[in-house]
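Text of query-v5.txt, listed as compact mmCIF, C-alpha atoms:
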# COMPACT_ATOMS: atom_id res chain seq x y z
CA MET A 1 -24.46 17.62 -8.96
CA SER A 2 -23.46 19.31 -12.19
CA SER A 3 -20.40 18.01 -14.04
CA ILE A 4 -19.76 21.48 -15.48
CA PRO A 5 -17.11 23.50 -13.62
CA ARG A 6 -18.23 27.02 -12.70
CA ASP A 7 -16.10 30.09 -12.11
CA GLN A 8 -14.32 29.34 -15.36
CA TRP A 9 -13.63 30.94 -18.73
CA TYR A 10 -15.27 29.30 -21.74
CA VAL A 11 -15.13 30.08 -25.43
CA ALA A 12 -18.51 31.46 -26.49
CA ALA A 13 -17.80 32.26 -30.14
CA TYR A 14 -15.25 33.24 -32.71
CA GLY A 15 -14.80 36.99 -32.87
CA ARG A 16 -15.99 36.91 -36.48
CA GLU A 17 -19.37 35.55 -35.39
CA ILE A 18 -20.29 38.63 -33.37
CA GLY A 19 -21.08 41.92 -35.08
CA GLN A 20 -23.45 44.81 -34.56
CA GLU A 21 -26.49 42.60 -34.44
CA LEU A 22 -27.97 40.36 -31.78
CA PHE A 23 -26.31 36.96 -31.38
CA THR A 24 -27.22 34.30 -28.84
CA ARG A 25 -25.59 31.12 -27.61
CA THR A 26 -26.24 28.86 -24.64
CA ILE A 27 -23.11 28.39 -22.51
CA CYS A 28 -23.14 26.01 -19.52
CA GLY A 29 -26.94 26.07 -19.49
CA GLU A 30 -27.19 29.87 -19.58
CA SER A 31 -28.67 31.63 -22.61
CA ILE A 32 -26.43 34.62 -23.31
CA LEU A 33 -26.97 37.54 -25.68
CA PHE A 34 -23.95 39.04 -27.44
CA TRP A 35 -23.36 42.01 -29.68
CA ARG A 36 -20.48 44.23 -30.70
CA THR A 37 -20.85 47.86 -29.71
CA ARG A 38 -20.12 50.76 -32.03
CA ALA A 39 -16.78 51.08 -30.24
CA GLY A 40 -15.96 47.50 -31.29
CA THR A 41 -16.13 45.76 -27.91
CA VAL A 42 -18.22 42.65 -27.30
CA THR A 43 -20.93 42.75 -24.66
CA ALA A 44 -22.63 39.75 -23.05
CA VAL A 45 -25.86 39.81 -21.04
CA SER A 46 -28.65 37.43 -20.17
CA ASP A 47 -30.92 36.67 -23.12
CA ARG A 48 -34.09 37.11 -21.07
CA CYS A 49 -36.05 40.31 -20.48
CA VAL A 50 -36.54 40.89 -16.76
CA HIS A 51 -40.21 41.76 -17.36
CA ARG A 52 -41.76 38.59 -18.84
CA ARG A 53 -38.66 36.58 -19.77
CA PHE A 54 -39.03 37.13 -23.52
CA PRO A 55 -35.76 36.20 -25.28
CA LEU A 56 -34.07 39.41 -26.35
CA SER A 57 -32.54 37.57 -29.31
CA GLN A 58 -36.02 36.78 -30.63
CA PRO A 59 -37.52 39.11 -33.27
CA PRO A 60 -39.05 41.61 -33.14
CA SER A 61 -36.48 42.44 -30.43
CA ARG A 62 -33.85 44.64 -32.03
CA LEU A 63 -30.62 46.51 -31.48
CA VAL A 64 -30.80 50.29 -31.69
CA ASP A 65 -27.34 51.83 -31.55
CA ASP A 66 -25.86 50.13 -28.46
CA GLN A 67 -29.19 49.35 -26.79
CA VAL A 68 -31.40 46.30 -27.15
CA VAL A 69 -35.18 46.81 -27.23
CA CYS A 70 -37.35 43.88 -26.13
CA GLY A 71 -39.76 42.95 -28.90
CA TYR A 72 -42.52 42.00 -26.45
CA HIS A 73 -43.06 45.08 -24.25
CA GLY A 74 -40.27 47.47 -25.18
CA PHE A 75 -38.00 47.29 -22.15
CA THR A 76 -34.70 48.78 -23.30
CA TYR A 77 -31.24 47.84 -22.02
CA GLY A 78 -27.77 49.30 -22.39
CA ALA A 79 -24.60 47.35 -23.13
CA ASP A 80 -23.92 46.97 -19.39
CA GLY A 81 -27.28 45.22 -18.89
CA GLY A 82 -28.91 48.12 -17.11
CA CYS A 83 -32.49 48.98 -18.12
CA VAL A 84 -32.75 52.54 -19.47
CA ALA A 85 -36.43 52.68 -20.42
CA VAL A 86 -39.70 50.89 -19.63
CA PRO A 87 -43.11 51.37 -21.26
CA GLY A 88 -45.73 53.69 -19.75
CA GLN A 89 -43.63 55.23 -16.96
CA SER A 90 -40.60 57.41 -16.49
CA ARG A 91 -39.24 55.60 -13.44
CA VAL A 92 -37.06 52.58 -14.18
CA PRO A 93 -37.30 49.94 -11.42
CA ARG A 94 -34.04 49.55 -9.53
CA THR A 95 -34.01 45.79 -10.12
CA ALA A 96 -34.53 46.13 -13.88
CA ARG A 97 -31.09 44.86 -14.88
CA LEU A 98 -29.91 41.97 -17.00
CA LYS A 99 -27.16 39.70 -15.73
CA SER A 100 -23.89 40.87 -17.29
CA TYR A 101 -20.99 38.53 -18.08
CA PRO A 102 -17.28 39.37 -18.15
CA VAL A 103 -15.97 39.01 -21.72
CA VAL A 104 -12.46 38.92 -23.22
CA GLU A 105 -11.60 38.71 -26.91
CA LEU A 106 -8.30 36.89 -27.37
CA ASP A 107 -6.61 34.76 -30.04
CA SER A 108 -9.67 34.99 -32.34
CA PHE A 109 -11.97 33.63 -29.58
CA VAL A 110 -14.57 35.43 -27.49
CA TRP A 111 -14.23 34.13 -23.94
CA VAL A 112 -17.03 34.49 -21.40
CA TRP A 113 -16.82 33.97 -17.65
CA ILE A 114 -19.42 31.63 -16.15
CA GLY A 115 -19.74 32.05 -12.42
CA ASP A 116 -19.04 34.76 -9.88
CA PRO A 117 -17.96 37.89 -11.84
CA ALA A 118 -15.79 39.00 -8.94
CA ARG A 119 -13.54 36.00 -9.59
CA ALA A 120 -13.05 36.65 -13.31
CA ASP A 121 -9.31 37.02 -13.91
CA ALA A 122 -8.37 37.43 -17.58
CA ALA A 123 -4.82 36.29 -16.78
CA ARG A 124 -6.23 32.77 -16.31
CA ILE A 125 -7.33 32.47 -19.93
CA PRO A 126 -5.13 29.87 -21.70
CA ARG A 127 -3.52 31.14 -24.89
CA ALA A 128 -3.60 29.91 -28.49
CA PRO A 129 -1.58 32.67 -30.18
CA TRP A 130 -1.14 30.87 -33.52
CA LEU A 131 -4.80 31.47 -34.37
CA ASP A 132 -4.23 35.13 -35.18
CA SER A 133 -0.46 35.14 -35.76
CA PRO A 134 0.89 36.42 -39.11
CA GLY A 135 3.29 33.47 -39.10
CA TYR A 136 0.44 30.99 -39.37
CA THR A 137 -2.59 30.46 -41.60
CA THR A 138 -5.69 29.14 -39.85
CA VAL A 139 -8.91 27.39 -40.83
CA SER A 140 -11.59 26.94 -38.19
CA GLY A 141 -15.20 26.09 -37.48
CA MET A 142 -17.65 24.83 -34.87
CA GLU A 143 -19.87 21.76 -34.80
CA PRO A 144 -22.68 21.08 -32.33
CA LEU A 145 -22.28 17.90 -30.33
CA GLN A 146 -25.27 16.18 -28.73
CA ALA A 147 -23.11 14.68 -26.01
CA ARG A 148 -21.62 15.80 -22.71
CA PHE A 149 -18.39 17.73 -22.95
CA GLY A 150 -16.42 15.13 -20.99
CA LEU A 151 -16.84 12.65 -23.83
CA LEU A 152 -15.14 15.06 -26.21
CA VAL A 153 -12.31 15.52 -23.70
CA ASP A 154 -11.88 11.73 -23.52
CA ASN A 155 -11.87 11.55 -27.31
CA LEU A 156 -9.18 14.19 -27.77
CA MET A 157 -6.92 12.96 -24.99
CA ASP A 158 -6.69 9.48 -26.55
CA LEU A 159 -5.68 9.91 -30.20
CA SER A 160 -5.32 6.16 -30.75
CA HIS A 161 -8.87 6.36 -32.10
CA GLU A 162 -7.47 8.14 -35.18
CA THR A 163 -6.28 4.78 -36.49
CA TYR A 164 -9.78 3.33 -36.51
CA LEU A 165 -12.27 6.21 -36.70
CA HIS A 166 -10.28 8.49 -39.03
CA GLY A 167 -8.50 6.04 -41.35
CA GLY A 168 -8.03 7.55 -44.80
CA TYR A 169 -7.91 11.06 -43.34
CA ILE A 170 -5.63 11.58 -40.32
CA GLY A 171 -5.22 8.07 -38.91
CA THR A 172 -2.48 5.51 -39.61
CA PRO A 173 -1.57 2.23 -37.84
CA GLU A 174 1.34 3.83 -35.98
CA VAL A 175 -0.89 6.15 -33.94
CA ALA A 176 -2.58 3.32 -32.06
CA ALA A 177 0.58 1.22 -31.91
CA THR A 178 2.84 3.87 -30.35
CA PRO A 179 2.91 4.20 -26.54
CA ILE A 180 2.29 7.59 -24.95
CA THR A 181 3.96 9.59 -22.21
CA THR A 182 1.68 11.45 -19.79
CA THR A 183 2.69 14.15 -17.34
CA VAL A 184 0.52 16.40 -15.18
CA ASP A 185 1.51 19.90 -14.13
CA GLU A 186 -0.67 20.27 -11.05
CA GLU A 187 0.43 23.83 -10.34
CA ALA A 188 -0.35 25.08 -13.84
CA GLY A 189 -3.39 22.83 -14.19
CA ILE A 190 -2.26 21.25 -17.48
CA VAL A 191 -2.22 17.64 -18.71
CA HIS A 192 0.49 16.77 -21.25
CA VAL A 193 0.33 13.67 -23.45
CA SER A 194 3.07 12.94 -26.00
CA ARG A 195 3.35 10.39 -28.79
CA HIS A 196 6.45 10.53 -30.98
CA MET A 197 6.43 8.37 -34.11
CA ASP A 198 9.83 8.42 -35.80
CA ASP A 199 8.86 6.12 -38.68
CA ALA A 200 5.24 6.45 -39.67
CA GLU A 201 2.99 6.33 -42.69
CA CYS A 202 2.06 9.80 -43.95
CA PRO A 203 -1.75 10.16 -43.84
CA PRO A 204 -3.59 12.06 -46.61
CA PHE A 205 -4.19 15.00 -44.25
CA TYR A 206 -0.45 15.72 -44.23
CA ALA A 207 0.64 14.16 -47.53
CA LYS A 208 -1.55 16.51 -49.57
CA SER A 209 -0.88 19.61 -47.47
CA THR A 210 2.90 19.25 -47.01
CA ARG A 211 3.58 17.23 -50.18
CA LEU A 212 5.75 14.82 -48.19
CA THR A 213 5.69 11.27 -49.53
CA GLY A 214 6.67 7.92 -48.08
CA ARG A 215 7.52 7.56 -44.40
CA ILE A 216 7.66 10.53 -42.01
CA MET A 217 8.47 11.54 -38.48
CA ARG A 218 5.19 12.46 -36.79
CA TRP A 219 5.05 13.93 -33.30
CA GLN A 220 1.86 14.61 -31.36
CA ASP A 221 2.18 16.66 -28.17
CA ILE A 222 -1.09 17.39 -26.38
CA GLU A 223 -1.51 20.24 -23.92
CA TYR A 224 -4.92 20.34 -22.23
CA THR A 225 -5.93 23.10 -19.84
CA PRO A 226 -9.23 22.11 -18.20
CA PRO A 227 -11.98 22.80 -18.67
CA CYS A 228 -11.99 24.43 -22.09
CA LEU A 229 -8.79 24.61 -24.14
CA TYR A 230 -7.06 21.70 -25.87
CA LYS A 231 -3.96 22.14 -28.01
CA LEU A 232 -2.30 19.49 -30.18
CA HIS A 233 1.20 20.48 -31.29
CA SER A 234 1.84 18.40 -34.42
CA ARG A 235 5.29 18.12 -35.99
CA ILE A 236 5.73 16.47 -39.39
CA ALA A 237 9.18 15.96 -40.92
CA PRO A 238 11.13 13.67 -43.25
CA PRO A 239 12.71 10.65 -41.50
CA GLY A 240 15.68 11.56 -39.33
CA VAL A 241 15.04 15.32 -39.43
CA LEU A 242 15.21 16.63 -35.86
CA PRO A 243 15.00 20.11 -34.33
CA GLY A 244 18.31 21.93 -33.96
CA ALA A 245 20.15 22.34 -30.69
CA ASP A 246 18.92 25.93 -30.55
CA GLY A 247 15.28 24.80 -30.80
CA GLY A 248 14.92 25.88 -34.40
CA ASP A 249 13.10 23.48 -36.69
CA PRO A 250 13.09 24.96 -40.22
CA ASP A 251 12.95 21.63 -42.06
CA ALA A 252 9.75 20.42 -40.36
CA PHE A 253 6.11 21.32 -40.83
CA HIS A 254 4.17 22.46 -37.77
CA VAL A 255 0.43 22.28 -37.32
CA GLU A 256 -1.31 23.60 -34.23
CA VAL A 257 -4.70 21.96 -33.75
CA VAL A 258 -6.85 23.78 -31.21
CA TYR A 259 -10.17 22.73 -29.71
CA ALA A 260 -12.30 24.86 -27.42
CA ILE A 261 -14.60 22.46 -25.58
CA THR A 262 -17.56 24.47 -24.31
CA PRO A 263 -20.55 22.84 -22.59
CA GLU A 264 -23.87 24.01 -23.95
CA THR A 265 -25.85 21.96 -21.42
CA GLU A 266 -25.10 18.92 -19.29
CA HIS A 267 -25.58 16.76 -22.41
CA SER A 268 -24.57 18.94 -25.36
CA THR A 269 -21.37 20.71 -26.36
CA HIS A 270 -20.04 23.42 -28.67
CA ASP A 271 -17.09 21.81 -30.48
CA PHE A 272 -14.90 24.70 -31.68
CA TRP A 273 -11.95 23.57 -33.81
CA ALA A 274 -9.06 25.32 -35.54
CA VAL A 275 -6.04 24.19 -37.57
CA ALA A 276 -3.11 26.61 -37.83
CA ARG A 277 -0.07 25.86 -40.02
CA ASP A 278 3.33 27.49 -40.54
CA PHE A 279 3.72 26.46 -44.20
CA ALA A 280 2.00 27.25 -47.52
CA LEU A 281 0.68 30.36 -45.82
CA ASP A 282 -0.81 31.91 -48.96
CA ASP A 283 -1.96 28.70 -50.64
CA GLN A 284 -5.77 28.82 -50.67
CA GLY A 285 -5.88 25.29 -52.04
CA VAL A 286 -4.12 23.98 -48.93
CA SER A 287 -6.47 25.99 -46.72
CA ASP A 288 -9.54 24.62 -48.50
CA PHE A 289 -8.19 21.07 -48.25
CA LEU A 290 -7.40 21.27 -44.53
CA ASP A 291 -10.74 22.93 -43.82
CA GLU A 292 -12.65 20.16 -45.58
CA GLN A 293 -10.52 17.38 -44.12
CA ASN A 294 -10.63 18.57 -40.53
CA ARG A 295 -14.37 19.25 -40.65
CA THR A 296 -14.87 15.69 -41.91
CA VAL A 297 -12.74 14.35 -39.04
CA VAL A 298 -14.68 16.45 -36.51
CA LEU A 299 -18.00 15.20 -37.89
CA GLN A 300 -16.77 11.60 -37.57
CA ASP A 301 -16.06 12.30 -33.90
CA VAL A 302 -19.45 13.99 -33.50
CA ALA A 303 -21.28 10.98 -34.97
CA ALA A 304 -19.42 8.56 -32.67
CA LEU A 305 -19.88 10.66 -29.52
CA ASP A 306 -23.56 11.29 -30.19
CA VAL A 307 -24.01 7.51 -30.26
CA LEU A 308 -21.93 7.08 -27.11
CA GLU A 309 -24.02 9.68 -25.26
CA ARG A 310 -27.19 7.72 -26.03
CA VAL A 311 -25.54 4.47 -24.88
CA ILE A 312 -24.37 5.96 -21.59
CA ALA A 313 -27.76 7.53 -20.93
CA THR A 314 -29.49 4.13 -21.11
CA GLU A 315 -26.91 1.77 -19.59
CA PRO A 316 -27.70 0.02 -16.30
CA ALA A 317 -26.44 1.39 -13.00
CA GLY A 318 -23.09 0.07 -11.87
CA TYR A 319 -21.65 -0.50 -15.32
CA GLN A 320 -17.84 -0.58 -15.14
CA GLU A 321 -15.63 0.56 -17.99
CA LEU A 322 -12.08 -0.65 -18.59
CA SER A 323 -9.10 1.68 -18.84
CA ILE A 324 -5.62 0.85 -20.14
CA ASN A 325 -2.25 2.59 -20.47
CA ILE A 326 -3.42 4.67 -23.42
CA ASP A 327 -6.05 6.29 -21.14
CA THR A 328 -3.68 7.89 -18.63
CA GLY A 329 -4.08 11.36 -20.12
CA GLY A 330 -7.84 11.11 -20.27
CA LEU A 331 -8.05 9.85 -16.70
CA ALA A 332 -5.87 12.74 -15.49
CA ALA A 333 -8.15 15.16 -17.34
CA ARG A 334 -11.24 13.57 -15.75
CA ARG A 335 -9.71 13.96 -12.30
CA MET A 336 -8.94 17.63 -12.89
CA LEU A 337 -12.41 18.33 -14.28
CA ALA A 338 -14.05 16.61 -11.33
CA ALA A 339 -11.97 18.68 -8.92
CA LEU A 340 -12.93 21.90 -10.73
CA ALA A 341 -16.59 20.89 -10.54
CA GLY A 342 -16.26 20.06 -6.84
CA GLN A 343 -17.03 16.39 -7.31
CA GLY A 344 -13.84 14.70 -6.21
CA ALA A 345 -12.15 12.12 -8.45
CA PRO A 346 -14.62 9.94 -10.40
CA ALA A 347 -13.95 6.36 -11.40
CA ARG A 348 -15.92 6.88 -14.60
CA GLN A 349 -18.30 9.30 -16.29
CA ALA A 350 -21.88 8.96 -15.09
What would you get if you wrote out this structure as structure tokens?
Amino acid sequence: MSSIPRDQWYVAAYGREIGQELFTRTICGESILFWRTRAGTVTAVSDRCVHRRFPLSQPPSRLVDDQVVCGYHGFTYGADGGCVAVPGQSRVPRTARLKSYPVVELDSFVWVWIGDPARADAARIPRAPWLDSPGYTTVSGMEPLQARFGLLVDNLMDLSHETYLHGGYIGTPEVAATPITTTVDEEAGIVHVSRHMDDAECPPFYAKSTRLTGRIMRWQDIEYTPPCLYKLHSRIAPPGVLPGADGGDPDAFHVEVVYAITPETEHSTHDFWAVARDFALDDQGVSDFLDEQNRTVVLQDVAALDVLERVIATEPAGYQELSINIDTGGLAARRMLAALAGQGAPARQA
């Protein structure tokens, strides 16, 4: 049985990736063709001609106005996936239609619905409004991961690994040493994990971007909406500086770290990442620094998870892993993902 939940919204791309040319990406094992119409909307259809399965993203296939022409035999399709012309005859077969996918562009992401189109409800898409808010400046990217998406979920739900895997960048001793609080909102389908460090070393990631020195208050509040969207609300402040009674927090720095965790196949993942900040909004040097730093951190995760995927793929049947208190958020996320995939609650990833 597949571990990938169906009837779900997944991030397929950043809006900036899709223009008026053919663009393809495999999402949950399905090869999907995207382009932006002349009206500016994004369309998504199957990247396979119905005639002889030639990939429509493959040259010499081409986009002519808002229609894609197959480079093998010339079958031509409109933005809705319907075939409008076939070679050598005027009649278009009734079944000559590409699979069409519901698409929503929101918060700089292009979301695509994988599953029954009749169940696609845009109101279910989790939000990350900072990514295109004028009150924040954002850097972002995507790295391919040759590992199952559940391993990336595990990685992000347990940030104690920052101390060891990302030392010198984002990790400090206090991250691993500080206990977490985990809560699960079953009705909303969200896992919350919080770690509040009131006296912590300031890692280079924040020292060079905020210019804080010495010890800091560092709060990490995770909000994960399975299967796709992970948000880390980071608060950095001088020691003893707390939010006001009215919720205002003008003397702190806020960083919203967003990951869209999109399965490519059962054993590969699109790792979309974004870092939005509410300070130094027009400082390109800070943007360049955070972009380079976070990409380095992501690539450290990718290297570790690629290795872990190979280990899991070759380990003997019946191997038992150990979980501890720090894993409560990850275990809750696993349970939710298994339920969405119709698998029940797993003891471990297989």
From the list A:Gln58, A:Ser209, A:Ser140, A:Thr181, the nearest residue to Ala13 of chain A using only C-alpha atoms is A:Ser140
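Rounded to one decimal, atom CA of Asp271 of chain A and atom CA of Met217 of chain A lie 28.7 Å from each other.
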Counting all atoms listed in the file, the residue among A:Tyr230, A:Phe54, A:Tyr10, A:Tyr77 that lies closest to Val110 of chain A is A:Tyr10
One residue among A:Arg94, A:Leu56, A:Ser287, A:Asn325 is nearest to Ala176 of chain A when using all atoms listed in the file, and that residue is A:Asn325
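Shortest separation to Ser3 of chain A among A:Thr328, A:Thr76, A:Asn294, A:Thr265 occurs at residue A:Thr265, atoms counted being only C-alpha atoms.
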Within 9 Å of Arg36 of chain A, counting all atoms listed in the file, which residues qualify if same-chain residues fewer than 5 places away don't, as a PDB file with C-alpha atoms, in the frame of the given file?
ATOM      1  CA  ILE A  18     -20.290  38.630 -33.370  1.00  0.00           C
ATOM      2  CA  GLY A  19     -21.080  41.920 -35.080  1.00  0.00           C
ATOM      3  CA  GLN A  20     -23.450  44.810 -34.560  1.00  0.00           C
ATOM      4  CA  GLU A  21     -26.490  42.600 -34.440  1.00  0.00           C
ATOM      5  CA  LEU A  22     -27.970  40.360 -31.780  1.00  0.00           C
ATOM      6  CA  THR A  41     -16.130  45.760 -27.910  1.00  0.00           C
ATOM      7  CA  VAL A  42     -18.220  42.650 -27.300  1.00  0.00           C
ATOM      8  CA  THR A  43     -20.930  42.750 -24.660  1.00  0.00           C
ATOM      9  CA  ASP A  66     -25.860  50.130 -28.460  1.00  0.00           C
TER      10      ASP A  66
END
Computed gap from atom CA of Ile27 of chain A to atom CA of Pro263 of chain A is 6.1 Å
**OP:** Determine, counting only C-alpha atoms, which protein, DNA and RNA residues have an atom within 12 Å of an atom of Ile32 of chain A; residues of the same chain fewer than 3 positions away are not included. Present the result as a VMD selection string.
**Re:** chain A and resid 12 to 13 22 to 29 35 43 to 49 55 to 57 81 98 to 103 112 to 114 264
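With distances restricted to all atoms listed in the file, A:Met142 is the closest residue to Asp291 of chain A from A:Val68, A:Leu63, A:Ile125, A:Met142.
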A straight line from atom CA of Val11 of chain A to atom CA of Ala122 of chain A spans 12.7 Å
List as a PyMOL selection string the protein and nucleic acid residues near Pro179 of chain A, meaning an atom at most 9 Å away when all atoms listed in the file are counted, but skip any in the same chain fewer than 5 places from it. chain A and resi 194-196+325-326
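Candidate residues A:Trp219, A:Tyr164, A:Phe253, A:Tyr224 were compared for distance to Val297 of chain A, and the nearest is A:Tyr164, using only C-alpha atoms.
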Next on the checklist: Here's a test: counting only C-alpha atoms, identify every protein, DNA and RNA residue with an atom at most 9 Å from (-7.9, 13.8, -32.4) in the file's coordinate frame, and state them as a ChimeraX atom specification.
Outcome noted: /A:155-162,166,170,232,257,297-298,301
Generate the coordinates of all heavy atoms for segment 271-280 of chain A; report them as a PDB file, in the coordinates of the input.
ATOM      1  N   ASP A 271     -18.388  22.383 -30.106  1.00  0.00           N
ATOM      2  CA  ASP A 271     -17.090  21.810 -30.480  1.00  0.00           C
ATOM      3  C   ASP A 271     -16.396  22.781 -31.443  1.00  0.00           C
ATOM      4  O   ASP A 271     -16.516  22.683 -32.665  1.00  0.00           O
ATOM      5  CB  ASP A 271     -17.330  20.445 -31.134  1.00  0.00           C
ATOM      6  CG  ASP A 271     -16.048  19.714 -31.496  1.00  0.00           C
ATOM      7  OD1 ASP A 271     -14.962  20.285 -31.328  1.00  0.00           O
ATOM      8  OD2 ASP A 271     -16.148  18.548 -31.956  1.00  0.00           O
ATOM      9  N   PHE A 272     -15.665  23.752 -30.871  1.00  0.00           N
ATOM     10  CA  PHE A 272     -14.900  24.700 -31.680  1.00  0.00           C
ATOM     11  C   PHE A 272     -13.575  24.043 -32.084  1.00  0.00           C
ATOM     12  O   PHE A 272     -12.889  23.473 -31.233  1.00  0.00           O
ATOM     13  CB  PHE A 272     -14.581  25.967 -30.885  1.00  0.00           C
ATOM     14  CG  PHE A 272     -15.775  26.790 -30.508  1.00  0.00           C
ATOM     15  CD1 PHE A 272     -16.426  26.578 -29.292  1.00  0.00           C
ATOM     16  CD2 PHE A 272     -16.255  27.787 -31.344  1.00  0.00           C
ATOM     17  CE1 PHE A 272     -17.524  27.339 -28.921  1.00  0.00           C
ATOM     18  CE2 PHE A 272     -17.348  28.560 -30.992  1.00  0.00           C
ATOM     19  CZ  PHE A 272     -17.989  28.335 -29.768  1.00  0.00           C
ATOM     20  N   TRP A 273     -13.204  24.154 -33.357  1.00  0.00           N
ATOM     21  CA  TRP A 273     -11.950  23.570 -33.810  1.00  0.00           C
ATOM     22  C   TRP A 273     -11.206  24.542 -34.732  1.00  0.00           C
ATOM     23  O   TRP A 273     -11.822  25.350 -35.429  1.00  0.00           O
ATOM     24  CB  TRP A 273     -12.181  22.247 -34.553  1.00  0.00           C
ATOM     25  CG  TRP A 273     -13.071  22.356 -35.762  1.00  0.00           C
ATOM     26  CD1 TRP A 273     -14.427  22.174 -35.823  1.00  0.00           C
ATOM     27  CD2 TRP A 273     -12.668  22.710 -37.103  1.00  0.00           C
ATOM     28  NE1 TRP A 273     -14.885  22.382 -37.093  1.00  0.00           N
ATOM     29  CE2 TRP A 273     -13.837  22.710 -37.906  1.00  0.00           C
ATOM     30  CE3 TRP A 273     -11.436  23.022 -37.686  1.00  0.00           C
ATOM     31  CZ2 TRP A 273     -13.794  23.010 -39.265  1.00  0.00           C
ATOM     32  CZ3 TRP A 273     -11.399  23.324 -39.051  1.00  0.00           C
ATOM     33  CH2 TRP A 273     -12.570  23.311 -39.825  1.00  0.00           C
ATOM     34  N   ALA A 274      -9.888  24.468 -34.692  1.00  0.00           N
ATOM     35  CA  ALA A 274      -9.060  25.320 -35.540  1.00  0.00           C
ATOM     36  C   ALA A 274      -7.773  24.576 -35.881  1.00  0.00           C
ATOM     37  O   ALA A 274      -7.233  23.834 -35.058  1.00  0.00           O
ATOM     38  CB  ALA A 274      -8.743  26.640 -34.850  1.00  0.00           C
ATOM     39  N   VAL A 275      -7.292  24.786 -37.098  1.00  0.00           N
ATOM     40  CA  VAL A 275      -6.040  24.190 -37.570  1.00  0.00           C
ATOM     41  C   VAL A 275      -5.165  25.312 -38.103  1.00  0.00           C
ATOM     42  O   VAL A 275      -5.506  25.949 -39.104  1.00  0.00           O
ATOM     43  CB  VAL A 275      -6.292  23.146 -38.670  1.00  0.00           C
ATOM     44  CG1 VAL A 275      -4.967  22.580 -39.175  1.00  0.00           C
ATOM     45  CG2 VAL A 275      -7.197  22.026 -38.164  1.00  0.00           C
ATOM     46  N   ALA A 276      -4.048  25.563 -37.414  1.00  0.00           N
ATOM     47  CA  ALA A 276      -3.110  26.610 -37.830  1.00  0.00           C
ATOM     48  C   ALA A 276      -1.830  25.947 -38.327  1.00  0.00           C
ATOM     49  O   ALA A 276      -1.323  25.013 -37.712  1.00  0.00           O
ATOM     50  CB  ALA A 276      -2.817  27.551 -36.674  1.00  0.00           C
ATOM     51  N   ARG A 277      -1.278  26.460 -39.436  1.00  0.00           N
ATOM     52  CA  ARG A 277      -0.070  25.860 -40.020  1.00  0.00           C
ATOM     53  C   ARG A 277       0.970  26.941 -40.285  1.00  0.00           C
ATOM     54  O   ARG A 277       0.627  28.107 -40.519  1.00  0.00           O
ATOM     55  CB  ARG A 277      -0.423  25.142 -41.332  1.00  0.00           C
ATOM     56  CG  ARG A 277      -0.859  26.065 -42.457  1.00  0.00           C
ATOM     57  CD  ARG A 277      -1.256  25.290 -43.715  1.00  0.00           C
ATOM     58  NE  ARG A 277      -1.461  26.159 -44.875  1.00  0.00           N
ATOM     59  CZ  ARG A 277      -2.596  26.775 -45.169  1.00  0.00           C
ATOM     60  NH1 ARG A 277      -3.661  26.647 -44.381  1.00  0.00           N
ATOM     61  NH2 ARG A 277      -2.680  27.524 -46.264  1.00  0.00           N
ATOM     62  N   ASP A 278       2.246  26.532 -40.292  1.00  0.00           N
ATOM     63  CA  ASP A 278       3.330  27.490 -40.540  1.00  0.00           C
ATOM     64  C   ASP A 278       3.948  27.305 -41.917  1.00  0.00           C
ATOM     65  O   ASP A 278       5.080  27.728 -42.157  1.00  0.00           O
ATOM     66  CB  ASP A 278       4.390  27.398 -39.446  1.00  0.00           C
ATOM     67  CG  ASP A 278       5.186  26.097 -39.483  1.00  0.00           C
ATOM     68  OD1 ASP A 278       4.824  25.175 -40.258  1.00  0.00           O
ATOM     69  OD2 ASP A 278       6.184  25.998 -38.730  1.00  0.00           O
ATOM     70  N   PHE A 279       3.224  26.699 -42.847  1.00  0.00           N
ATOM     71  CA  PHE A 279       3.720  26.460 -44.200  1.00  0.00           C
ATOM     72  C   PHE A 279       2.592  26.748 -45.200  1.00  0.00           C
ATOM     73  O   PHE A 279       1.416  26.777 -44.833  1.00  0.00           O
ATOM     74  CB  PHE A 279       4.220  25.021 -44.354  1.00  0.00           C
ATOM     75  CG  PHE A 279       3.182  23.969 -44.026  1.00  0.00           C
ATOM     76  CD1 PHE A 279       2.347  23.435 -45.002  1.00  0.00           C
ATOM     77  CD2 PHE A 279       3.020  23.534 -42.720  1.00  0.00           C
ATOM     78  CE1 PHE A 279       1.380  22.483 -44.684  1.00  0.00           C
ATOM     79  CE2 PHE A 279       2.051  22.579 -42.391  1.00  0.00           C
ATOM     80  CZ  PHE A 279       1.233  22.057 -43.386  1.00  0.00           C
ATOM     81  N   ALA A 280       2.972  26.959 -46.454  1.00  0.00           N
ATOM     82  CA  ALA A 280       2.000  27.250 -47.520  1.00  0.00           C
ATOM     83  C   ALA A 280       0.995  28.309 -47.057  1.00  0.00           C
ATOM     84  O   ALA A 280      -0.215  28.161 -47.229  1.00  0.00           O
ATOM     85  CB  ALA A 280       1.277  25.965 -47.940  1.00  0.00           C
TER      86      ALA A 280
END
